[in-house]
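Visitor: Here it is, the structure in full.
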Amino acid sequence: MVHHVNNKPADSHQHTRRGDVRSFVLAIISGVFAAVAALMGKLASGGFEPKAEGSASVTLAHLLPSPDDNIFVRVSYLGLLVASNVAMWASFSKALALSASSQEPQGINTAANLLTSGCLGLVVFGEQLPVLWWGGMALITIGIILVRRDAASNKVAGKEN
């Protein structure tokens, strides 16, 4: 086996890169599960009203079973909320374990959660997203890019977090 000067195997850089990609994907998955958990909580609470009259989202929201009519539906939504939270924490914990820094998975998780929550709110409830929301989403995305770029430049320079 070929070794670098720092006595690490030559393929350790490739292994680290694979861990970074897996951490990135798991952080996105955890953010999506967090948004699904929030949706299940809103559905379990019942009494939701679609916001946009005449849109396709009104039909979708009205097609979903209401927990007001059936306790089994409420318990099902609550079960899905718990399952989504368990899946979110499992994937987020694994993302943290694979990442060199906790900042990166946390930022990616937050961005994925916000974006998925916004899209689910629009599709399921017809909630309109204001320009300020999109601006905040853009700032979070830029922040994630900057953190990833800084982490990558530190790895190239041989610095450790």
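Convention: chains lettered A, B, ... in structure tokens order; per-chain residue numbering from 1; ligands numbered from 1 as shown.
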Just want the 9 Å neighbourhood of Gly46 in chain A, counted on only C-alpha atoms, with same-chain residues fewer than 4 positions away dropped. Output as a count of residues only.

Guide: 6

Visitor: Fewer than 3 positions away in the same chain doesn't count, so skip those; otherwise give me all residues within 10 Å of range 81-90 of chain A, counting only C-alpha atoms, as a PyMOL selection string.

Guide: chain A and resi 26-44+75-78+93-95+109

Visitor: Next, write the just-selected residues to a file, as an mmCIF file, in the first residue's frame, keeping C-alpha atoms as the atom set.

Guide:
data_model
loop_
_atom_site.group_PDB
_atom_site.id
_atom_site.type_symbol
_atom_site.label_atom_id
_atom_site.label_comp_id
_atom_site.auth_asym_id
_atom_site.auth_seq_id
_atom_site.Cartn_x
_atom_site.Cartn_y
_atom_site.Cartn_z
ATOM 1 C CA LEU A 26 -28.244 12.271 4.911
ATOM 2 C CA ALA A 27 -28.554 15.903 6.054
ATOM 3 C CA ILE A 28 -30.966 16.580 3.164
ATOM 4 C CA ILE A 29 -32.952 13.443 4.003
ATOM 5 C CA SER A 30 -33.155 14.474 7.663
ATOM 6 C CA GLY A 31 -34.453 17.915 6.673
ATOM 7 C CA VAL A 32 -37.144 16.355 4.483
ATOM 8 C CA PHE A 33 -38.198 14.027 7.321
ATOM 9 C CA ALA A 34 -38.389 17.025 9.676
ATOM 10 C CA ALA A 35 -40.725 18.807 7.262
ATOM 11 C CA VAL A 36 -42.872 15.684 6.879
ATOM 12 C CA ALA A 37 -43.078 15.432 10.681
ATOM 13 C CA ALA A 38 -44.308 19.041 10.842
ATOM 14 C CA LEU A 39 -46.901 18.286 8.154
ATOM 15 C CA MET A 40 -48.112 15.232 10.077
ATOM 16 C CA GLY A 41 -48.408 17.342 13.238
ATOM 17 C CA LYS A 42 -50.495 19.923 11.419
ATOM 18 C CA LEU A 43 -52.693 17.231 9.893
ATOM 19 C CA ALA A 44 -53.081 15.450 13.259
ATOM 20 C CA VAL A 75 -53.591 8.296 15.616
ATOM 21 C CA SER A 76 -52.236 7.443 12.146
ATOM 22 C CA TYR A 77 -51.042 11.020 11.604
ATOM 23 C CA LEU A 78 -49.456 11.023 15.074
ATOM 24 C CA SER A 93 -27.100 11.724 13.681
ATOM 25 C CA LYS A 94 -25.447 9.682 10.940
ATOM 26 C CA ALA A 95 -24.821 12.875 8.917
ATOM 27 C CA ASN A 109 -30.759 20.080 7.318
#

Visitor: Mind dumping a table of every range 24-130 of chain A residue within 8 Å of range 136-152 of chain A, with the nearest atom pair and its distance in Å to one decimal, using only C-alpha atoms, sorted by chain and rising number, as CSV?

Guide:
residue,atom,partner,partner_atom,distance
A:Gln103,CA,A:Val147,CA,7.6
A:Glu104,CA,A:Val147,CA,6.5
A:Gly107,CA,A:Ile144,CA,5.9
A:Ile108,CA,A:Ile144,CA,6.6
A:Ala111,CA,A:Ile140,CA,6.4
A:Leu114,CA,A:Met137,CA,7.5
A:Leu115,CA,A:Met137,CA,7.4

Visitor: Hey, which of A:Thr110, A:Leu60, A:Leu80, A:Asn70 ends up closest to Val123 in chain A? Count only C-alpha atoms.

Guide: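 Looking at the shortest contact to Val123 in chain A, the residue is A:Leu60.
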
Visitor: Mind pulling up the distance from CA of Thr116 in chain A to CA of Arg22 in chain A?

Guide: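 If I compute the distance from CA of Arg22 in chain A to CA of Thr116 in chain A, I get 19.6 Å.
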